[in-house]
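J.: Here it is, the structure in full.
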There are 2 protein chains.
Amino acid sequence: MAPMAPTQQVKRRATNQGAAVKEALAAEDTFRSAQDVYATLRANGEKIGLSTVYRHLQIFVDDGLADVIHKPDGESTYRLCGDASTTHHHHLVCRSCGKAVEIEGPAVETWADKVAAQNGFTDVNHTVEIFGLCAACAAS
Amino acid sequence: MAPMAPTQQVKRRATNQGAAVKEALAAEDTFRSAQDVYATLRANGEKIGLSTVYRHLQIFVDDGLADVIHKPDGESTYRLCGDASTTHHHHLVCRSCGKAVEIEGPAVETWADKVAAQNGFTDVNHTVEIFGLCAACAAS
DNA sequence: GTCTTATTGGGAATCGTTCCCATTATGACA
DNA sequence: TGTCATAATGGGAACGATTCCCAATAAGAC
């Protein structure tokens, strides 16, 4: 199917906008919405369109560079993620400021797979997100 | 704040539409979207508006009668749920047909709380959903 | 039966996201 | 360094789910 290298599936051009989106994400360790990133970039005088922001965000996700999580209200938020598909992990996210801590729960993974198998489900994946108030936000 | 009984926060009138929405949900053990429920009801000749469907679905959730889960694509789906807030549980959901199995994972709950506490997070809640293909769908 | 008011519903409005497509600019090659 | 094919861009239209608004309707108490 894919004759290219495993990490980079398709040829991709380097553009200012792509770099700008990545930088914007890299600047914070919080999950941010596309609209949010777009607003920030424009505020910084960056010349970029909303479509382009969405486009790059999606590319990052496809390339395994970023994680997405859907907020309870349905909005998608993105965050750059250490290294690609090497480590499967989840997040502890602050409901208020969006700050996120990467967490791992090997036990959860095996539990999920076991439960799925017991019920005859295949091609399984799961979402585990923990929402709360971080210490800083709770204090204010 | 609320001088009423603990289970039923506000006085609510019994209407045909409310009953119809509940019936529609009760008829299936799958998570269904508001649009889906609406379409079904209209197809059955029910006289009801989309707004009303959304309204009742939300009421069920508020009253703890139904569970919501947000599909990866962002759509909200609802399902009636045994009894209100007595049992906290999660779901194993078929990506294809929406069929859901209620599952419990006490270990997950304690793990989530522990991780949150370790990171100074308070007012914690979590979402754990397992998506897969049920045996029936995998066969076809 | 009457009256108060919760409920309804249909269309407008919102909001996030995707699509379309003419314009722009990257990168390869001469 | 100039030329060219085409990937990338962006802005506005289009979309789908959900919410809002408000005049008309109907539930239930007296």
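The chains in the structure tokens are called A, B, ... from first to last as shown; in each chain the residues are counted from 1, and the ligands are counted from 1 in the order shown.
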Would you give me, as a ChimeraX atom specification, the residues in segment 1-53 of chain A that DSSP reads as helix (DSSP H, G or I)?

T.: /A:16-26,34-43,50-53

J.: Contacts between chain B and chain C, please, where a residue of chain C counts if it comes within 7 Å (with only C-alpha atoms (C1' of nucleotides)); show its shortest atom pair and distance in Å to one decimal, rows by chain and ascending number, as a tab-separated table.

T.:
```
residue	atom	partner	partner_atom	distance
C:DA6	C1'	B:Arg13	CA	6.9
C:DT8	C1'	B:Thr52	CA	6.9
C:DG9	C1'	B:Gly49	CA	5.0
```

J.: For a quick check of understanding, using only C-alpha atoms, which of B:His126, B:Arg42, B:His56, B:Lys114 has the smallest distance to chain A?

T.: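 Using only C-alpha atoms, chain A sits closest to B:His126.
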
J.: What are the residues of chain B lining chain A at 6 Å or less? Count only C-alpha atoms, and put the answer as a PyMOL selection string.

T.: chain B and resi 74+120-135

J.: Mind pulling up the distance from atom CA of Gln35 of chain A to atom C1' of DG16 of chain C?

T.: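 These atoms are spaced 8.4 Å apart.
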
J.: With a distance cut-off of 12 Å and only C-alpha atoms (C1' of nucleotides), select the neighbouring residues of DG2 of chain D, excluding the residue or stretch itself and same-chain residues fewer than 2 positions from it, and output the selection as a VMD selection string.

T.: (chain C and resid 29 to 30) or (chain D and resid 4)

J.: Output all heavy atoms for every residue in that selection, as a PDB file, in the first residue's frame.

T.:
```
ATOM      1  P    DC C  29      14.717  16.102  -9.578  1.00  0.00           P
ATOM      2  OP1  DC C  29      14.559  14.648  -9.391  1.00  0.00           O
ATOM      3  OP2  DC C  29      15.916  16.777  -9.058  1.00  0.00           O
ATOM      4  O5'  DC C  29      14.629  16.436 -11.136  1.00  0.00           O
ATOM      5  C5'  DC C  29      13.540  17.215 -11.620  1.00  0.00           C
ATOM      6  C4'  DC C  29      14.015  18.185 -12.677  1.00  0.00           C
ATOM      7  O4'  DC C  29      14.110  19.541 -12.132  1.00  0.00           O
ATOM      8  C3'  DC C  29      15.426  17.873 -13.227  1.00  0.00           C
ATOM      9  O3'  DC C  29      15.398  18.002 -14.628  1.00  0.00           O
ATOM     10  C2'  DC C  29      16.290  18.959 -12.601  1.00  0.00           C
ATOM     11  C1'  DC C  29      15.318  20.127 -12.571  1.00  0.00           C
ATOM     12  N1   DC C  29      15.676  21.199 -11.627  1.00  0.00           N
ATOM     13  C2   DC C  29      15.391  22.527 -11.981  1.00  0.00           C
ATOM     14  O2   DC C  29      14.836  22.775 -13.057  1.00  0.00           O
ATOM     15  N3   DC C  29      15.745  23.530 -11.126  1.00  0.00           N
ATOM     16  C4   DC C  29      16.340  23.232  -9.969  1.00  0.00           C
ATOM     17  N4   DC C  29      16.650  24.252  -9.165  1.00  0.00           N
ATOM     18  C5   DC C  29      16.624  21.884  -9.585  1.00  0.00           C
ATOM     19  C6   DC C  29      16.273  20.917 -10.430  1.00  0.00           C
ATOM     20  P    DA C  30      16.714  17.605 -15.499  1.00  0.00           P
ATOM     21  OP1  DA C  30      16.354  16.463 -16.367  1.00  0.00           O
ATOM     22  OP2  DA C  30      17.884  17.495 -14.606  1.00  0.00           O
ATOM     23  O5'  DA C  30      16.866  18.897 -16.402  1.00  0.00           O
ATOM     24  C5'  DA C  30      15.717  19.455 -17.028  1.00  0.00           C
ATOM     25  C4'  DA C  30      16.003  20.886 -17.484  1.00  0.00           C
ATOM     26  O4'  DA C  30      16.250  21.732 -16.324  1.00  0.00           O
ATOM     27  C3'  DA C  30      17.250  21.011 -18.368  1.00  0.00           C
ATOM     28  O3'  DA C  30      17.060  22.044 -19.311  1.00  0.00           O
ATOM     29  C2'  DA C  30      18.335  21.416 -17.376  1.00  0.00           C
ATOM     30  C1'  DA C  30      17.559  22.302 -16.409  1.00  0.00           C
ATOM     31  N9   DA C  30      18.099  22.330 -15.052  1.00  0.00           N
ATOM     32  C8   DA C  30      18.518  21.273 -14.284  1.00  0.00           C
ATOM     33  N7   DA C  30      18.946  21.617 -13.094  1.00  0.00           N
ATOM     34  C5   DA C  30      18.803  22.999 -13.078  1.00  0.00           C
ATOM     35  C6   DA C  30      19.083  23.973 -12.102  1.00  0.00           C
ATOM     36  N6   DA C  30      19.572  23.685 -10.903  1.00  0.00           N
ATOM     37  N1   DA C  30      18.823  25.270 -12.409  1.00  0.00           N
ATOM     38  C2   DA C  30      18.319  25.553 -13.616  1.00  0.00           C
ATOM     39  N3   DA C  30      18.004  24.722 -14.614  1.00  0.00           N
ATOM     40  C4   DA C  30      18.278  23.459 -14.277  1.00  0.00           C
TER      41       DA C  30
ATOM     42  P    DC D   4       8.429  27.613 -18.482  1.00  0.00           P
ATOM     43  OP1  DC D   4       8.227  27.582 -19.939  1.00  0.00           O
ATOM     44  OP2  DC D   4       7.772  28.655 -17.646  1.00  0.00           O
ATOM     45  O5'  DC D   4       8.037  26.183 -17.898  1.00  0.00           O
ATOM     46  C5'  DC D   4       9.007  25.446 -17.181  1.00  0.00           C
ATOM     47  C4'  DC D   4       8.352  24.247 -16.509  1.00  0.00           C
ATOM     48  O4'  DC D   4       8.683  24.282 -15.110  1.00  0.00           O
ATOM     49  C3'  DC D   4       6.815  24.227 -16.549  1.00  0.00           C
ATOM     50  O3'  DC D   4       6.385  22.880 -16.596  1.00  0.00           O
ATOM     51  C2'  DC D   4       6.432  24.933 -15.269  1.00  0.00           C
ATOM     52  C1'  DC D   4       7.535  24.475 -14.310  1.00  0.00           C
ATOM     53  N1   DC D   4       7.882  25.477 -13.263  1.00  0.00           N
ATOM     54  C2   DC D   4       8.361  25.033 -12.032  1.00  0.00           C
ATOM     55  O2   DC D   4       8.475  23.824 -11.826  1.00  0.00           O
ATOM     56  N3   DC D   4       8.691  25.946 -11.085  1.00  0.00           N
ATOM     57  C4   DC D   4       8.558  27.246 -11.330  1.00  0.00           C
ATOM     58  N4   DC D   4       8.909  28.100 -10.371  1.00  0.00           N
ATOM     59  C5   DC D   4       8.072  27.729 -12.582  1.00  0.00           C
ATOM     60  C6   DC D   4       7.742  26.809 -13.514  1.00  0.00           C
TER      61       DC D   4
END
```

J.: Need the shell around DC30 of chain D: protein/DNA/RNA residues with any atom at most 12 Å away, counting only C-alpha atoms (C1' of nucleotides). Skip same-chain ones fewer than 4 positions apart. Format as a list in words?

T.: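 Skipping anything fewer than 4 positions along the chain leaves DG1, DT2, DC3 and DT4 of chain C.
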
J.: Using all heavy atoms, can you write the selected residues to a file as a CSV table (one decimal), in the first residue's frame?

T.:
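The resulting result-v1.csv:
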```csv
chain,number,residue,atom,x,y,z
C,1,DG,P,-67.4,21.1,29.7
C,1,DG,OP1,-68.5,21.5,28.8
C,1,DG,OP2,-66.3,20.3,29.3
C,1,DG,O5',-66.8,22.4,30.4
C,1,DG,C5',-67.8,23.3,30.9
C,1,DG,C4',-67.1,24.5,31.6
C,1,DG,O4',-66.3,24.0,32.6
C,1,DG,C3',-66.2,25.3,30.6
C,1,DG,O3',-66.3,26.7,31.0
C,1,DG,C2',-64.8,24.7,30.9
C,1,DG,C1',-64.9,24.4,32.4
C,1,DG,N9,-64.1,23.2,32.8
C,1,DG,C8,-64.0,22.0,32.2
C,1,DG,N7,-63.3,21.2,32.9
C,1,DG,C5,-62.8,21.9,33.9
C,1,DG,C6,-61.9,21.6,35.0
C,1,DG,O6,-61.3,20.5,35.2
C,1,DG,N1,-61.6,22.6,35.8
C,1,DG,C2,-62.2,23.9,35.7
C,1,DG,N2,-61.8,24.7,36.6
C,1,DG,N3,-63.0,24.2,34.8
C,1,DG,C4,-63.3,23.2,33.9
C,2,DT,P,-65.6,27.8,30.2
C,2,DT,OP1,-66.5,28.9,30.0
C,2,DT,OP2,-65.0,27.1,29.0
C,2,DT,O5',-64.4,28.1,31.2
C,2,DT,C5',-64.7,28.3,32.6
C,2,DT,C4',-63.5,28.8,33.3
C,2,DT,O4',-62.7,27.7,33.7
C,2,DT,C3',-62.6,29.7,32.4
C,2,DT,O3',-62.1,30.8,33.2
C,2,DT,C2',-61.5,28.8,32.0
C,2,DT,C1',-61.4,27.8,33.2
C,2,DT,N1,-60.9,26.5,32.9
C,2,DT,C2,-60.0,25.9,33.9
C,2,DT,O2,-59.7,26.4,34.9
C,2,DT,N3,-59.7,24.6,33.6
C,2,DT,C4,-60.0,23.8,32.5
C,2,DT,O4,-59.6,22.7,32.3
C,2,DT,C5,-60.9,24.5,31.5
C,2,DT,C7,-61.3,23.8,30.3
C,2,DT,C6,-61.3,25.8,31.8
C,3,DC,P,-61.3,31.9,32.5
C,3,DC,OP1,-61.8,33.2,33.0
C,3,DC,OP2,-61.2,31.6,31.1
C,3,DC,O5',-59.9,31.7,33.2
C,3,DC,C5',-59.8,31.4,34.6
C,3,DC,C4',-58.4,31.0,35.0
C,3,DC,O4',-58.1,29.6,34.6
C,3,DC,C3',-57.3,31.9,34.2
C,3,DC,O3',-56.3,32.2,35.1
C,3,DC,C2',-56.9,30.9,33.1
C,3,DC,C1',-57.0,29.6,33.8
C,3,DC,N1,-57.1,28.4,32.9
C,3,DC,C2,-56.6,27.2,33.2
C,3,DC,O2,-56.0,27.1,34.3
C,3,DC,N3,-56.7,26.1,32.4
C,3,DC,C4,-57.4,26.3,31.3
C,3,DC,N4,-57.5,25.2,30.5
C,3,DC,C5,-58.0,27.5,30.9
C,3,DC,C6,-57.8,28.5,31.7
C,4,DT,P,-55.2,33.2,34.8
C,4,DT,OP1,-55.3,34.4,35.7
C,4,DT,OP2,-55.2,33.5,33.3
C,4,DT,O5',-53.9,32.4,35.1
C,4,DT,C5',-53.9,31.7,36.4
C,4,DT,C4',-52.7,30.7,36.3
C,4,DT,O4',-53.0,29.6,35.4
C,4,DT,C3',-51.4,31.2,35.8
C,4,DT,O3',-50.4,30.7,36.6
C,4,DT,C2',-51.3,30.7,34.4
C,4,DT,C1',-52.0,29.4,34.5
C,4,DT,N1,-52.6,28.9,33.3
C,4,DT,C2,-52.5,27.5,33.0
C,4,DT,O2,-51.9,26.7,33.7
C,4,DT,N3,-53.1,27.1,31.9
C,4,DT,C4,-53.8,27.9,30.9
C,4,DT,O4,-54.3,27.4,30.0
C,4,DT,C5,-53.9,29.3,31.3
C,4,DT,C7,-54.6,30.2,30.3
C,4,DT,C6,-53.3,29.7,32.4
```

J.: Between A:His90, A:Glu23, A:Glu46, A:Thr40, which residue has the minimum interatomic distance to Glu102 of chain A, considering only C-alpha atoms?

T.: A:His90

J.: Which residues are close to DT14 of chain C, i.e. within 10 Å by only C-alpha atoms (C1' of nucleotides), leaving aside same-chain residues fewer than 4 positions away? Reply as JSON, numbers by chain.

T.: {"D": [18, 19, 20]}

J.: Report as a PyMOL selection string all protein, DNA and RNA residues lying within 10 Å of Leu25 of chain A, evaluated on only C-alpha atoms (C1' of nucleotides), omitting residues in the same chain fewer than 6 positions from it.

T.: chain A and resi 19+31-33+37+57+66+78-81

J.: Generate the output file for the selected residues, C-alpha atoms, as a CSV table (one decimal), in the first residue's frame.

T.:
```
chain,number,residue,atom,x,y,z
A,19,ALA,CA,5.7,25.6,10.9
A,31,PHE,CA,-4.8,20.9,24.5
A,32,ARG,CA,-6.0,23.6,22.2
A,33,SER,CA,-8.8,23.9,19.8
A,37,VAL,CA,-4.7,28.2,17.6
A,57,LEU,CA,-3.7,19.9,12.8
A,66,ALA,CA,-0.3,15.1,17.9
A,78,TYR,CA,-5.0,19.1,19.9
A,79,ARG,CA,-1.6,18.8,21.6
A,80,LEU,CA,1.8,17.9,20.3
A,81,CYS,CA,3.0,14.6,21.6
```

J.: Could the residues of chain D that have an atom at most 12 Å from chain B be listed as CSV, each with its closest atom pair and the distance in Å to one decimal, counting only C-alpha atoms (C1' of nucleotides) and ordered by chain and ascending residue number?

T.:
```
residue,atom,partner,partner_atom,distance
D:DG16,C1',B:Glu75,CA,9.7
D:DA17,C1',B:Glu75,CA,7.2
D:DT18,C1',B:Tyr54,CA,8.2
D:DT19,C1',B:Ser51,CA,8.5
D:DC20,C1',B:Ser51,CA,9.9
D:DC21,C1',B:Ser51,CA,11.6
D:DT25,C1',B:Thr15,CA,11.9
D:DA26,C1',B:Thr15,CA,9.0
D:DA27,C1',B:Arg13,CA,6.6
D:DG28,C1',B:Arg13,CA,8.3
```

J.: Export, as an mmCIF file, in the first residue's frame, the selected residues with C-alpha atoms (C1' of nucleotides).

T.:
```
data_model
loop_
_atom_site.group_PDB
_atom_site.id
_atom_site.type_symbol
_atom_site.label_atom_id
_atom_site.label_comp_id
_atom_site.auth_asym_id
_atom_site.auth_seq_id
_atom_site.Cartn_x
_atom_site.Cartn_y
_atom_site.Cartn_z
ATOM 1 C "C1'" DG D 16 -24.398 18.945 9.993
ATOM 2 C "C1'" DA D 17 -25.390 18.926 14.721
ATOM 3 C "C1'" DT D 18 -27.308 21.543 18.216
ATOM 4 C "C1'" DT D 19 -29.425 25.612 20.365
ATOM 5 C "C1'" DC D 20 -32.445 29.587 20.401
ATOM 6 C "C1'" DC D 21 -36.698 32.115 19.976
ATOM 7 C "C1'" DT D 25 -50.829 24.417 22.249
ATOM 8 C "C1'" DA D 26 -52.087 21.483 25.901
ATOM 9 C "C1'" DA D 27 -51.432 19.524 30.857
ATOM 10 C "C1'" DG D 28 -53.178 19.692 35.260
#
```

J.: Quick one, how far is atom CA of Val21 of chain B from atom CA of Phe60 of chain B?

T.: 9.8 Å

J.: Find the distance between atom C1' of DC21 of chain C and atom CA of Ala24 of chain A and write it in Å to one decimal.

T.: 27.9 Å

J.: For the strand (DSSP E) assignment from backbone DSSP, which residues of segment 3-140 of chain A qualify? Please present them as number ranges by chain.

T.: A: 32-33, 66-70, 76-80, 90-94, 100-103, 122-133
